[in-house]
file target_7.txt (compact mmCIF, C-alpha atoms)
# COMPACT_ATOMS: atom_id res chain seq x y z
CA MET H 9 -17.53 -20.26 -21.83
CA PRO H 10 -20.27 -18.78 -24.10
CA GLN H 11 -19.36 -15.47 -25.73
CA PRO H 12 -21.64 -12.51 -24.96
CA SER H 13 -23.68 -11.13 -27.84
CA TRP H 14 -22.33 -7.64 -27.14
CA HIS H 15 -19.14 -6.27 -25.69
CA LEU H 16 -18.00 -3.55 -23.31
CA ASN H 17 -15.00 -1.31 -23.72
CA ARG H 18 -12.45 -1.53 -20.87
CA ARG H 19 -13.02 2.18 -20.24
CA THR H 20 -16.80 1.89 -19.78
CA ILE H 21 -17.93 3.97 -16.82
CA LEU H 22 -21.03 4.32 -14.67
CA ARG H 23 -22.59 7.77 -14.45
CA GLY H 24 -25.19 9.43 -12.27
CA SER H 25 -25.84 13.03 -11.13
CA GLY H 26 -22.37 14.17 -12.06
CA VAL H 27 -20.58 11.17 -10.58
CA ALA H 28 -18.60 8.90 -12.87
CA LEU H 29 -16.57 5.80 -12.04
CA ALA H 30 -14.79 3.26 -14.21
CA LEU H 31 -16.07 -0.31 -14.12
CA PRO H 32 -13.97 -3.24 -12.90
CA TRP H 33 -12.87 -5.86 -15.39
CA LEU H 34 -15.82 -7.90 -16.70
CA GLU H 35 -15.93 -10.90 -19.00
CA ALA H 36 -17.89 -8.82 -21.52
CA MET H 37 -14.82 -6.61 -21.91
CA ALA H 38 -12.44 -9.37 -22.95
CA PRO H 39 -13.38 -9.63 -26.65
CA ALA H 40 -13.76 -5.87 -27.04
CA ALA H 41 -10.02 -5.25 -27.14
CA PRO H 42 -8.20 -8.58 -27.57
CA ALA H 43 -4.89 -6.85 -28.26
CA SER H 44 -4.96 -4.90 -24.98
CA PRO H 45 -3.16 -6.79 -22.20
CA LYS H 46 -4.39 -6.69 -18.63
CA PRO H 47 -2.64 -3.94 -16.68
CA LYS H 48 0.38 -4.49 -14.46
CA ARG H 49 0.53 -2.58 -11.17
CA PHE H 50 2.93 -1.53 -8.42
CA CYS H 51 2.32 -0.40 -4.85
CA ALA H 52 4.47 0.09 -1.76
CA PHE H 53 3.69 0.30 1.94
CA PHE H 54 6.26 1.81 4.31
CA PHE H 55 6.45 1.94 8.09
CA GLY H 56 9.10 3.81 10.05
CA ASN H 57 11.34 2.94 13.00
CA GLY H 58 12.33 -0.60 12.04
CA VAL H 59 11.16 -3.82 13.69
CA SER H 60 11.59 -5.94 16.79
CA LEU H 61 14.77 -8.07 16.71
CA THR H 62 15.46 -10.68 19.37
CA LYS H 63 17.94 -13.45 20.04
CA PRO H 64 16.91 -17.13 19.99
CA THR H 65 17.67 -17.30 23.71
CA ASP H 66 15.46 -14.34 24.66
CA PRO H 67 12.14 -15.00 26.44
CA THR H 68 10.54 -13.00 23.59
CA SER H 69 12.40 -14.82 20.81
CA ASP H 70 9.16 -15.66 18.96
CA TRP H 71 8.64 -11.94 18.35
CA ASN H 72 11.68 -11.57 16.12
CA TRP H 73 10.51 -10.06 12.82
CA PHE H 74 12.70 -12.21 10.56
CA PRO H 75 12.24 -15.99 10.45
CA ARG H 76 15.05 -17.92 12.15
CA THR H 77 15.87 -20.08 9.14
CA ASP H 78 15.79 -19.21 5.46
CA GLY H 79 14.62 -21.17 2.44
CA ALA H 80 11.23 -22.67 1.59
CA ASP H 81 10.77 -24.35 4.98
CA TYR H 82 10.97 -21.20 7.08
CA LYS H 83 8.57 -20.71 9.98
CA PHE H 84 6.63 -17.51 10.43
CA THR H 85 7.41 -15.74 13.69
CA LYS H 86 4.63 -14.20 15.75
CA SER H 87 5.37 -10.84 14.17
CA LEU H 88 4.56 -12.09 10.66
CA GLU H 89 2.28 -15.09 11.14
CA THR H 90 -0.79 -13.08 10.09
CA LEU H 91 0.69 -13.29 6.59
CA SER H 92 0.84 -17.10 6.64
CA GLY H 93 -2.33 -17.41 4.54
CA HIS H 94 -0.37 -15.85 1.66
CA ARG H 95 2.78 -17.89 2.02
CA GLY H 96 2.67 -18.87 -1.64
CA ASP H 97 2.13 -15.27 -2.71
CA LEU H 98 5.08 -13.61 -0.98
CA THR H 99 8.81 -13.63 -0.35
CA ILE H 100 10.51 -12.35 2.79
CA PHE H 101 13.96 -10.81 2.33
CA GLY H 102 16.87 -10.39 4.72
CA GLN H 103 20.16 -8.50 4.41
CA LEU H 104 18.95 -5.99 1.81
CA SER H 105 19.69 -2.26 2.02
CA HIS H 106 20.79 0.73 -0.04
CA PRO H 107 24.62 0.92 0.04
CA SER H 108 24.89 4.70 0.42
CA SER H 109 22.40 4.67 3.31
CA ARG H 110 24.16 2.13 5.51
CA GLN H 111 26.08 4.76 7.46
CA LEU H 112 23.12 7.11 7.84
CA VAL H 113 21.07 7.57 10.98
CA GLY H 114 18.22 5.16 10.46
CA HIS H 115 15.54 7.84 10.60
CA ASN H 116 16.87 9.34 7.34
CA THR H 117 16.22 6.24 5.29
CA GLY H 118 12.47 6.69 4.89
CA ASP H 119 13.27 9.41 2.37
CA VAL H 120 15.29 7.07 0.16
CA TRP H 121 13.52 3.74 0.69
CA LEU H 122 12.12 3.81 -2.85
CA SER H 123 14.86 5.90 -4.49
CA GLY H 124 18.17 4.62 -3.12
CA ALA H 125 19.65 8.12 -3.53
CA ASP H 126 22.88 9.14 -1.84
CA ILE H 127 21.80 11.91 0.55
CA ARG H 128 24.87 11.87 2.77
CA GLN H 129 26.27 15.22 1.58
CA ASN H 130 23.35 17.48 0.70
CA LEU H 131 20.14 15.49 1.29
CA ASN H 132 19.30 15.75 -2.43
CA ASN H 133 17.04 12.89 -3.46
CA SER H 134 16.34 11.25 -6.83
CA ILE H 135 13.26 9.74 -8.45
CA SER H 136 11.53 6.97 -6.49
CA ILE H 137 10.69 3.69 -8.20
CA ASP H 138 6.94 4.33 -8.07
CA GLN H 139 7.31 7.61 -9.96
CA PHE H 140 9.71 6.02 -12.42
CA ILE H 141 6.93 3.53 -13.19
CA ALA H 142 4.20 6.19 -13.16
CA ARG H 143 5.94 8.22 -15.87
CA ASP H 144 4.99 5.43 -18.29
CA TYR H 145 1.97 3.77 -16.71
CA GLY H 146 0.35 7.12 -15.95
CA GLN H 147 -0.17 7.76 -19.65
CA HIS H 148 -2.80 5.02 -19.67
CA THR H 149 -4.81 5.97 -16.55
CA ARG H 150 -6.76 9.00 -15.39
CA ILE H 151 -4.60 9.38 -12.27
CA PRO H 152 -0.86 8.75 -12.83
CA SER H 153 -0.30 7.60 -9.24
CA LEU H 154 -1.75 7.74 -5.75
CA VAL H 155 0.66 9.13 -3.14
CA LEU H 156 -0.73 8.57 0.36
CA SER H 157 0.45 8.79 3.95
CA SER H 158 -1.18 8.78 7.36
CA HIS H 159 0.25 12.23 8.13
CA GLY H 160 0.08 13.86 4.71
CA GLY H 161 2.19 16.50 3.03
CA THR H 162 5.94 16.18 2.53
CA GLY H 163 7.45 16.70 5.99
CA MET H 164 11.03 17.86 5.82
CA LYS H 165 14.22 16.52 4.32
CA SER H 166 15.46 13.46 6.24
CA ARG H 167 12.05 13.15 7.96
CA ALA H 168 9.69 13.00 4.98
CA THR H 169 6.01 12.21 5.41
CA THR H 170 5.86 10.84 1.86
CA ILE H 171 7.86 8.08 0.18
CA SER H 172 7.39 9.38 -3.38
CA PHE H 173 9.83 11.71 -5.15
CA ASP H 174 9.69 13.15 -8.65
CA GLN H 175 12.32 13.13 -11.40
CA GLN H 176 14.13 16.06 -9.77
CA GLY H 177 14.12 14.35 -6.39
CA ARG H 178 11.48 16.67 -4.97
CA ALA H 179 9.09 15.24 -2.39
CA ILE H 180 5.57 14.69 -3.73
CA PRO H 181 2.95 15.77 -1.18
CA ALA H 182 1.02 12.78 0.15
CA GLU H 183 -2.74 12.80 0.58
CA SER H 184 -4.09 11.80 3.98
CA ASN H 185 -7.80 12.69 3.82
CA PRO H 186 -9.75 9.57 2.79
CA ARG H 187 -12.79 11.54 1.69
CA SER H 188 -10.75 13.77 -0.61
CA ILE H 189 -9.02 10.72 -2.08
CA PHE H 190 -12.36 9.00 -2.61
CA GLU H 191 -13.77 12.02 -4.42
CA ARG H 192 -10.65 12.28 -6.56
CA LEU H 193 -11.39 8.81 -7.94
CA PHE H 194 -14.55 10.26 -9.47
CA GLU H 195 -14.58 12.59 -12.42
CA LYS H 196 -15.45 16.19 -11.59
CA PRO H 197 -19.13 16.92 -12.22
CA ALA H 198 -20.38 19.75 -14.38
CA ASP H 199 -21.61 22.84 -12.52
CA GLY H 200 -25.28 21.93 -12.86
CA ASP H 201 -24.64 18.35 -11.80
CA ARG H 202 -22.64 19.52 -8.80
CA VAL H 203 -25.67 21.33 -7.39
CA THR H 204 -27.80 18.21 -7.78
CA ARG H 205 -25.17 16.03 -6.17
CA GLU H 206 -24.60 18.35 -3.23
CA ARG H 207 -28.35 18.50 -2.59
CA ALA H 208 -28.54 14.71 -2.62
CA LEU H 209 -25.52 14.38 -0.36
CA ALA H 210 -27.11 16.78 2.10
CA SER H 211 -30.07 14.42 2.32
CA GLY H 212 -27.76 11.59 3.38
CA ARG H 213 -27.46 9.71 0.08
CA LYS H 214 -24.15 8.08 -0.79
CA ARG H 215 -22.28 8.86 -3.98
CA VAL H 216 -22.57 5.23 -4.92
CA ASP H 217 -26.37 5.61 -4.94
CA PHE H 218 -26.05 7.97 -7.91
CA LEU H 219 -24.52 5.17 -9.96
CA LEU H 220 -27.17 2.53 -9.28
CA GLU H 221 -29.65 3.54 -11.96
CA ASP H 222 -26.99 3.31 -14.67
CA ALA H 223 -25.75 0.07 -13.12
CA ARG H 224 -29.22 -1.51 -13.18
CA ALA H 225 -29.61 -0.73 -16.89
CA LEU H 226 -26.20 -2.21 -17.61
CA ARG H 227 -26.78 -5.26 -15.39
CA GLY H 228 -29.65 -6.50 -17.54
CA GLN H 229 -27.33 -6.86 -20.52
CA LEU H 230 -24.64 -8.83 -18.68
CA GLY H 231 -24.20 -12.55 -18.19
CA ARG H 232 -24.62 -14.03 -14.72
CA PRO H 233 -20.89 -14.01 -13.78
CA ASP H 234 -20.62 -10.35 -14.76
CA GLN H 235 -23.82 -9.51 -12.89
CA GLN H 236 -22.37 -11.05 -9.75
CA ARG H 237 -19.08 -9.23 -10.32
CA LEU H 238 -20.85 -5.88 -10.74
CA ASP H 239 -22.93 -6.47 -7.59
CA GLU H 240 -19.77 -7.29 -5.61
CA PHE H 241 -18.06 -4.17 -6.94
CA LEU H 242 -20.93 -1.85 -5.98
CA SER H 243 -21.20 -3.48 -2.57
CA SER H 244 -17.48 -2.98 -2.02
CA LEU H 245 -17.71 0.62 -3.16
CA GLY H 246 -20.56 1.26 -0.76
CA GLU H 247 -18.60 -0.24 2.12
CA VAL H 248 -15.61 1.97 1.36
CA GLU H 249 -17.80 5.05 1.46
CA SER H 250 -19.36 3.93 4.74
CA ARG H 251 -15.92 3.53 6.24
CA LEU H 252 -14.99 7.05 5.18
CA ALA H 253 -17.27 8.67 7.72
CA ARG H 254 -15.81 6.57 10.53
CA ALA H 255 -12.25 7.18 9.40
CA GLN H 256 -12.83 10.89 8.87
CA THR H 257 -14.32 11.27 12.35
CA TRP H 258 -11.18 9.76 13.83
CA LEU H 259 -8.85 11.75 11.58
CA GLY H 260 -10.50 15.01 12.52
CA LYS H 261 -10.20 14.33 16.24
CA ALA H 262 -6.59 13.22 16.14
CA MET H 263 -4.76 16.11 14.52
CA PRO H 264 -1.02 16.34 15.30
CA ASN H 265 -1.40 19.30 17.66
CA VAL H 266 -3.88 17.54 19.94
CA ASP H 267 -2.61 16.83 23.45
CA ARG H 268 -2.00 13.08 23.82
CA SER H 269 -3.88 13.03 27.12
CA ARG H 270 -7.00 14.47 25.48
CA ILE H 271 -7.45 11.80 22.78
CA ASN H 272 -11.00 10.51 22.67
CA LEU H 273 -10.23 6.85 23.23
CA GLU H 274 -13.77 5.73 22.56
CA VAL H 275 -13.40 6.97 19.00
CA SER H 276 -9.70 6.32 18.60
CA GLN H 277 -9.52 2.72 19.82
CA LYS H 278 -10.59 1.46 16.41
CA GLY H 279 -9.47 4.55 14.55
CA PRO H 280 -6.10 3.34 13.23
CA THR H 281 -7.50 0.11 11.80
CA GLU H 282 -10.47 1.83 10.18
CA TYR H 283 -8.19 4.51 8.77
CA ILE H 284 -5.41 2.25 7.46
CA ARG H 285 -7.83 -0.20 5.89
CA THR H 286 -9.83 2.59 4.28
CA MET H 287 -6.63 3.91 2.69
CA MET H 288 -5.85 0.39 1.45
CA ASP H 289 -9.40 -0.03 0.17
CA LEU H 290 -9.00 3.17 -1.84
CA ILE H 291 -5.89 1.74 -3.50
CA VAL H 292 -7.78 -1.48 -4.24
CA LEU H 293 -10.66 0.50 -5.75
CA ALA H 294 -8.27 2.54 -7.90
CA PHE H 295 -6.53 -0.63 -9.13
CA GLU H 296 -9.79 -2.50 -9.70
CA THR H 297 -11.14 0.25 -11.95
CA ASP H 298 -7.78 0.92 -13.62
CA THR H 299 -7.99 4.53 -12.41
CA THR H 300 -4.30 4.23 -11.55
CA ARG H 301 -1.70 1.47 -11.64
CA VAL H 302 0.77 2.93 -9.14
CA ALA H 303 0.29 3.73 -5.45
CA THR H 304 2.37 4.34 -2.33
CA TYR H 305 1.25 4.58 1.28
CA GLN H 306 3.48 5.62 4.16
CA ILE H 307 1.60 4.00 7.05
CA SER H 308 3.90 5.55 9.62
CA SER H 309 6.76 8.02 9.33
CA GLU H 310 10.15 8.03 11.00
CA ASP H 311 11.18 9.48 14.36
CA GLY H 312 7.76 10.09 15.89
CA HIS H 313 6.48 12.49 13.23
CA GLY H 314 2.74 12.79 12.76
CA ILE H 315 -0.40 11.27 14.18
CA CYS H 316 0.76 7.81 13.06
CA ASP H 317 3.18 7.78 15.99
CA ARG H 318 0.18 7.42 18.30
CA PHE H 319 -1.22 4.32 16.67
CA PRO H 320 0.27 1.83 19.19
CA GLY H 321 -1.08 3.81 22.15
CA ILE H 322 -4.54 4.09 20.64
CA LEU H 323 -4.46 0.32 20.11
CA LYS H 324 -3.24 -0.16 23.70
CA ILE H 325 0.01 -1.73 22.59
CA GLY H 326 2.68 -0.65 25.03
CA THR H 327 0.36 2.03 26.39
CA GLY H 328 1.92 4.12 29.13
CA LYS H 329 5.37 2.61 28.70
CA HIS H 330 7.01 3.98 25.59
CA GLY H 331 5.14 7.02 24.30
CA GLY H 332 4.22 6.10 20.74
CA HIS H 333 5.72 4.11 17.90
CA HIS H 334 9.08 5.87 18.06
CA GLY H 335 9.28 5.33 21.80
CA LEU H 336 8.25 1.73 21.34
CA SER H 337 11.16 1.26 18.96
CA HIS H 338 13.52 2.27 21.76
CA SER H 339 12.12 -0.37 24.11
CA ASN H 340 13.97 -3.58 24.92
CA PRO H 341 12.45 -6.30 22.70
CA SER H 342 14.39 -9.00 24.56
CA LYS H 343 12.22 -8.37 27.62
CA ASP H 344 9.06 -6.76 26.27
CA SER H 345 7.02 -8.04 23.30
CA SER H 346 5.17 -4.74 22.71
CA TRP H 347 7.26 -3.74 19.71
CA GLY H 348 6.75 -7.17 18.15
CA GLU H 349 3.03 -6.94 18.83
CA TYR H 350 2.86 -3.72 16.85
CA ASP H 351 4.89 -5.31 14.05
CA ARG H 352 2.26 -8.03 13.99
CA TYR H 353 -0.48 -5.42 13.78
CA LEU H 354 1.14 -3.77 10.75
CA ALA H 355 1.62 -7.15 9.04
CA GLU H 356 -2.04 -7.89 9.69
CA GLN H 357 -3.04 -4.76 7.76
CA PHE H 358 -0.85 -5.79 4.83
CA ALA H 359 -2.48 -9.23 4.93
CA TYR H 360 -5.84 -7.48 4.71
CA PHE H 361 -4.69 -5.70 1.55
CA LEU H 362 -3.48 -8.95 0.01
CA ASN H 363 -6.81 -10.58 0.85
CA ARG H 364 -8.63 -7.82 -0.96
CA LEU H 365 -6.50 -8.08 -4.11
CA SER H 366 -6.76 -11.88 -4.06
CA ALA H 367 -10.55 -11.71 -4.05
CA ILE H 368 -10.75 -9.63 -7.25
CA ARG H 369 -10.42 -11.45 -10.53
CA GLU H 370 -9.58 -10.28 -14.03
CA GLY H 371 -10.65 -13.20 -16.17
CA GLU H 372 -8.64 -16.24 -15.09
CA THR H 373 -6.21 -14.35 -12.85
CA ARG H 374 -6.40 -12.41 -9.60
CA VAL H 375 -5.52 -8.73 -9.49
CA LEU H 376 -2.78 -9.72 -7.02
CA ASP H 377 -1.16 -11.89 -9.70
CA ARG H 378 -0.51 -8.80 -11.82
CA THR H 379 0.42 -6.50 -8.94
CA LEU H 380 3.77 -6.13 -7.18
CA ALA H 381 3.17 -5.10 -3.56
CA LEU H 382 6.18 -4.07 -1.46
CA PHE H 383 5.93 -3.86 2.34
CA GLY H 384 8.67 -2.87 4.74
CA SER H 385 10.91 -0.31 6.43
CA GLY H 386 14.24 1.42 5.81
CA THR H 387 15.87 0.21 9.02
CA SER H 388 16.14 -3.12 10.79
CA SER H 389 16.07 -1.45 14.18
CA THR H 390 15.58 2.21 15.05
CA HIS H 391 19.00 3.58 14.08
CA HIS H 392 20.42 0.67 12.10
CA ALA H 393 20.14 1.34 8.37
CA ARG H 394 20.93 -2.21 7.26
CA ASN H 395 19.01 -5.46 6.85
CA TYR H 396 15.74 -3.79 5.90
CA PRO H 397 12.63 -5.81 6.75
CA ILE H 398 11.15 -6.41 3.28
CA VAL H 399 8.22 -8.43 1.96
CA LEU H 400 7.38 -8.61 -1.75
CA ALA H 401 3.98 -10.06 -2.64
CA GLY H 402 2.08 -10.74 -5.85
CA GLY H 403 3.21 -10.86 -9.45
CA LYS H 404 2.77 -14.57 -10.17
CA ASP H 405 1.42 -13.71 -13.60
CA LEU H 406 4.51 -11.54 -14.12
CA GLY H 407 6.88 -14.45 -13.56
CA PHE H 408 7.60 -14.15 -9.84
CA ARG H 409 7.91 -17.30 -7.73
CA HIS H 410 7.37 -17.01 -4.02
CA GLY H 411 7.18 -19.10 -0.87
CA ARG H 412 10.66 -18.51 0.60
CA TYR H 413 12.63 -16.43 3.04
CA ILE H 414 15.70 -15.27 1.11
CA LYS H 415 18.56 -14.09 3.30
CA ALA H 416 21.65 -12.81 1.52
CA ARG H 417 24.99 -14.05 2.85
CA GLU H 418 26.17 -10.47 3.14
CA GLU H 419 24.46 -7.10 2.80
CA ARG H 420 23.07 -6.82 -0.73
CA PRO H 421 21.68 -3.76 -2.59
CA LEU H 422 17.92 -3.44 -2.46
CA GLY H 423 18.35 -1.98 -5.95
CA ASP H 424 18.96 -5.52 -7.26
CA LEU H 425 15.36 -6.32 -6.39
CA PHE H 426 14.14 -3.02 -7.81
CA VAL H 427 15.79 -3.71 -11.17
CA THR H 428 14.21 -7.17 -11.34
CA MET H 429 10.81 -5.73 -10.47
CA LEU H 430 11.14 -3.04 -13.13
CA GLN H 431 12.10 -5.59 -15.76
CA ARG H 432 9.00 -7.66 -15.01
CA LEU H 433 6.94 -4.48 -15.26
CA ASP H 434 8.27 -4.04 -18.83
CA PHE H 435 11.08 -1.55 -18.17
CA PRO H 436 14.30 -2.77 -19.88
CA VAL H 437 16.61 -1.30 -17.22
CA ARG H 438 19.94 -2.55 -15.93
CA LYS H 439 20.55 0.11 -13.29
CA PHE H 440 18.47 1.61 -10.51
CA ALA H 441 19.27 2.70 -6.94
CA GLU H 442 22.92 1.57 -6.74
CA ASN H 443 22.19 -1.99 -7.77
CA SER H 444 25.05 -4.39 -8.40
CA GLY H 445 23.03 -6.80 -10.53
CA GLU H 446 19.62 -8.42 -10.68
CA PHE H 447 17.63 -10.66 -8.33
CA GLY H 448 17.09 -13.79 -10.38
CA GLU H 449 16.20 -15.88 -7.31
CA VAL H 450 12.62 -14.59 -7.31
CA VAL H 451 11.68 -15.11 -10.96
CA ALA H 452 10.78 -18.30 -12.75
call {"tool": "encode", "arguments": {"input": "target_7.txt", "output": "structure tokens"}}
result
Amino acid sequence: MPQPSWHLNRRTILRGSGVALALPWLEAMAPAAPASPKPKRFCAFFFGNGVSLTKPTDPTSDWNWFPRTDGADYKFTKSLETLSGHRGDLTIFGQLSHPSSRQLVGHNTGDVWLSGADIRQNLNNSISIDQFIARDYGQHTRIPSLVLSSHGGTGMKSRATTISFDQQGRAIPAESNPRSIFERLFEKPADGDRVTRERALASGRKRVDFLLEDARALRGQLGRPDQQRLDEFLSSLGEVESRLARAQTWLGKAMPNVDRSRINLEVSQKGPTEYIRTMMDLIVLAFETDTTRVATYQISSEDGHGICDRFPGILKIGTGKHGGHHGLSHSNPSKDSSWGEYDRYLAEQFAYFLNRLSAIREGETRVLDRTLALFGSGTSSTHHARNYPIVLAGGKDLGFRHGRYIKAREERPLGDLFVTMLQRLDFPVRKFAENSGEFGEVVA
């Protein structure tokens, strides 16, 4: 590959009318800082209320969340088959849980999914794995971590609407407004620039339009692969901003205090998908530009809290039968596949996220290869705080080997996996979240 005659710093940004955004990785950046390794990243996606579990003899047996057989030859069930395109990029786990949570009511475990804290006596939490990572990684990025949820805020102890907790175990408020998150990824403009930007926005221009003039000047100095990469990045950025208006319209109409019977179905039918994917796109954008290396997103909370409980009804999954996600989780999966159908929907959104990370390259590797993406819940079924449904994806460049369903012979600490993940993210730890060891089965 011919070397460019000039180089870019990894922190090069585009500017225009007070807007500033970091560039994605380009080939022209590689020689500029040969001693700087490509960043490693972590993200986690949580959904409440567990998953559909069926028996092999049930008419709905294909909707069991876990595969029926473990090992490399497992078969995706209907609930997870939307992830089949990433079989080589992920591992499914069975029989993992936090030891101190196994006797808790399942709805409590969302609080400790990423921390593994013992909250049985006083509900006091400890630091979550994402914030443990962000304490170090955040020194190298403008935003230490993104903490997102569909409901926002912190909720209350044992029914948190965030999955991130600081060093003192305090809940970190989650952001739920896509437009605010999008704007946070840009540097704050100076006062004079702000007036110019607001005037342009009032005329209908996108923020991304402000960056185009600077981008055009830069584009002429880049090689063809970098030009294509820059064009793809700007196109992606423009699409994210276009989705914001659609997602924000839905979010504004579906506040938690709105009567269920008064939901505008014409708007809301595609609201959840637009909203969830916009939130995922924002994480992708933040990772792509190295604005942050750590992110969490609570897609749905426990026990029917928040607007996210209405997602199945808006999507017409189990509509009129179960009254939301929490109600759906109290249905009978052996006779009704609705719960499994919603599990499939959630897996489909995670597959979308993996597709996005797979499409972005940093030199010879994909962003997914240097990202650990965790997806799952803190209960197997609504009130059963064992056998968490867990998928770990990405990290091939970090030494992870995938392509299997790993089912422990007996309940095993999820902390074993956390410790192994932390080690591959350059944290020389031996203990985290009540682990009893490490998880060598997933590393080369």
call {"tool": "closest_atom_pairs", "arguments": {"input": "target_7.txt", "of": "stretch 357-400 of chain H", "to": "stretch 54-71 of chain H", "cutoff": "7 Å", "atoms": "only C-alpha atoms", "output": "tab-separated table"}}
result
residue	atom	partner	partner_atom	distance
H:Phe383	CA	H:Phe54	CA	6.0
H:Gly384	CA	H:Phe54	CA	5.3
H:Ser385	CA	H:Phe55	CA	5.3
H:Gly386	CA	H:Gly58	CA	6.8
H:Thr387	CA	H:Gly58	CA	4.7
H:Ser388	CA	H:Gly58	CA	4.7
H:Ser389	CA	H:Gly58	CA	4.4
H:Thr390	CA	H:Asn57	CA	4.8
call {"tool": "residues_around", "arguments": {"input": "target_7.txt", "residues": "stretch 417-422 of chain H", "least_positions_apart": "3", "cutoff": "6 Å", "atoms": "only C-alpha atoms", "output": "list of chain:residue names"}}
result
H:Gln103, H:Leu104, H:Ser105, H:His106, H:Leu425, H:Asn443
call {"tool": "write_last_selection", "arguments": {"input": "target_7.txt", "atoms": "C-alpha atoms", "output": "short mmCIF file (atom, residue, chain, number, x, y, z; two decimals), keeping the file's coordinate frame"}}
result
data_model
loop_
_atom_site.label_atom_id
_atom_site.label_comp_id
_atom_site.auth_asym_id
_atom_site.auth_seq_id
_atom_site.Cartn_x
_atom_site.Cartn_y
_atom_site.Cartn_z
CA GLN H 103 20.16 -8.50 4.41
CA LEU H 104 18.95 -5.99 1.81
CA SER H 105 19.69 -2.26 2.02
CA HIS H 106 20.79 0.73 -0.04
CA LEU H 425 15.36 -6.32 -6.39
CA ASN H 443 22.19 -1.99 -7.77
#
call {"tool": "residues_around", "arguments": {"input": "target_7.txt", "residues": "H:Asp289", "least_positions_apart": "4", "cutoff": "9 Å", "atoms": "only C-alpha atoms", "output": "CSV table (one decimal) with C-alpha atoms, keeping the file's coordinate frame"}}
result
chain,number,residue,atom,x,y,z
H,244,SER,CA,-17.5,-3.0,-2.0
H,245,LEU,CA,-17.7,0.6,-3.2
H,248,VAL,CA,-15.6,2.0,1.4
H,284,ILE,CA,-5.4,2.2,7.5
H,285,ARG,CA,-7.8,-0.2,5.9
H,293,LEU,CA,-10.7,0.5,-5.8
H,294,ALA,CA,-8.3,2.5,-7.9
H,361,PHE,CA,-4.7,-5.7,1.6
H,364,ARG,CA,-8.6,-7.8,-1.0
call {"tool": "residues_near_point", "arguments": {"input": "target_7.txt", "point": "(-2.3, 9.4, -3.9)", "cutoff": "9 Å", "atoms": "all atoms listed in the file", "output": "PyMOL selection string"}}
result
chain H and resi 151+153-157+181-184+189+291+302-305
call {"tool": "closest_residue", "arguments": {"input": "target_7.txt", "among": "H:Gln139, H:Asn116, H:Thr162, H:Ser123", "to": "H:Gln306", "atoms": "all atoms listed in the file"}}
result
H:Thr162
call {"tool": "residues_around", "arguments": {"input": "target_7.txt", "residues": "H:Thr373", "least_positions_apart": "5", "cutoff": "10 Å", "atoms": "only C-alpha atoms", "output": "number ranges by chain"}}
result
H: 46, 366, 368, 378, 404-405
call {"tool": "atom_distance", "arguments": {"input": "target_7.txt", "atom1": "atom CA of H:Leu112", "atom2": "atom CA of H:Glu310"}}
result
13.4 Å
call {"tool": "atom_distance", "arguments": {"input": "target_7.txt", "atom1": "atom CA of H:Trp73", "atom2": "atom CA of H:Ile307"}}
result
17.6 Å
call {"tool": "atom_distance", "arguments": {"input": "target_7.txt", "atom1": "atom CA of H:Gly163", "atom2": "atom CA of H:Asn132"}}
result
14.6 Å
call {"tool": "axis_aligned_box", "arguments": {"input": "target_7.txt", "around": "stretch 156-165 of chain H", "padding_each_side": "8 Å", "output": "AutoDock Vina command-line options"}}
result
--center_x 6.5 --center_y 13.2 --center_z 4.2 --size_x 31.4 --size_y 25.3 --size_z 23.8
call {"tool": "residues_around", "arguments": {"input": "target_7.txt", "residues": "stretch 220-227 of chain H", "least_positions_apart": "3", "cutoff": "9 Å", "atoms": "all atoms listed in the file", "output": "JSON, numbers by chain"}}
result
{"H": [22, 23, 24, 216, 217, 230, 231, 234, 235, 238, 239, 242]}
call {"tool": "residues_near_point", "arguments": {"input": "target_7.txt", "point": "(8.7, 11.7, 11.5)", "cutoff": "7 Å", "atoms": "all atoms listed in the file", "output": "list in words"}}
result
Arg167, Ala168, Thr169, Ser309, Glu310, Asp311, Gly312, His313 and Gly314 of chain H
call {"tool": "closest_atom_pairs", "arguments": {"input": "target_7.txt", "of": "stretch 35-82 of chain H", "to": "stretch 433-436 of chain H", "cutoff": "10 Å", "atoms": "only C-alpha atoms", "output": "tab-separated table"}}
result
residue	atom	partner	partner_atom	distance
H:Pro47	CA	H:Leu433	CA	9.7
H:Lys48	CA	H:Leu433	CA	6.6
H:Arg49	CA	H:Leu433	CA	7.8
H:Phe50	CA	H:Leu433	CA	8.5
call {"tool": "closest_residue", "arguments": {"input": "target_7.txt", "among": "H:Lys415, H:Arg95, H:Arg187, H:Arg394", "to": "H:Ala359", "atoms": "only C-alpha atoms"}}
result
H:Arg95
call {"tool": "residues_around", "arguments": {"input": "target_7.txt", "residues": "H:Ala125", "least_positions_apart": "6", "cutoff": "12 Å", "atoms": "all atoms listed in the file", "output": "number ranges by chain"}}
result
H: 105-110, 112, 116-119, 131-137, 166, 173, 175-178, 422-423, 440-443
call {"tool": "closest_residue", "arguments": {"input": "target_7.txt", "among": "H:Asn130, H:Thr149, H:Ser250, H:Asn363", "to": "H:Asp298", "atoms": "all atoms listed in the file"}}
result
H:Thr149
call {"tool": "closest_residue", "arguments": {"input": "target_7.txt", "among": "H:Ala355, H:Ser92, H:Phe140, H:Gln111", "to": "H:Val437", "atoms": "only C-alpha atoms"}}
result
H:Phe140
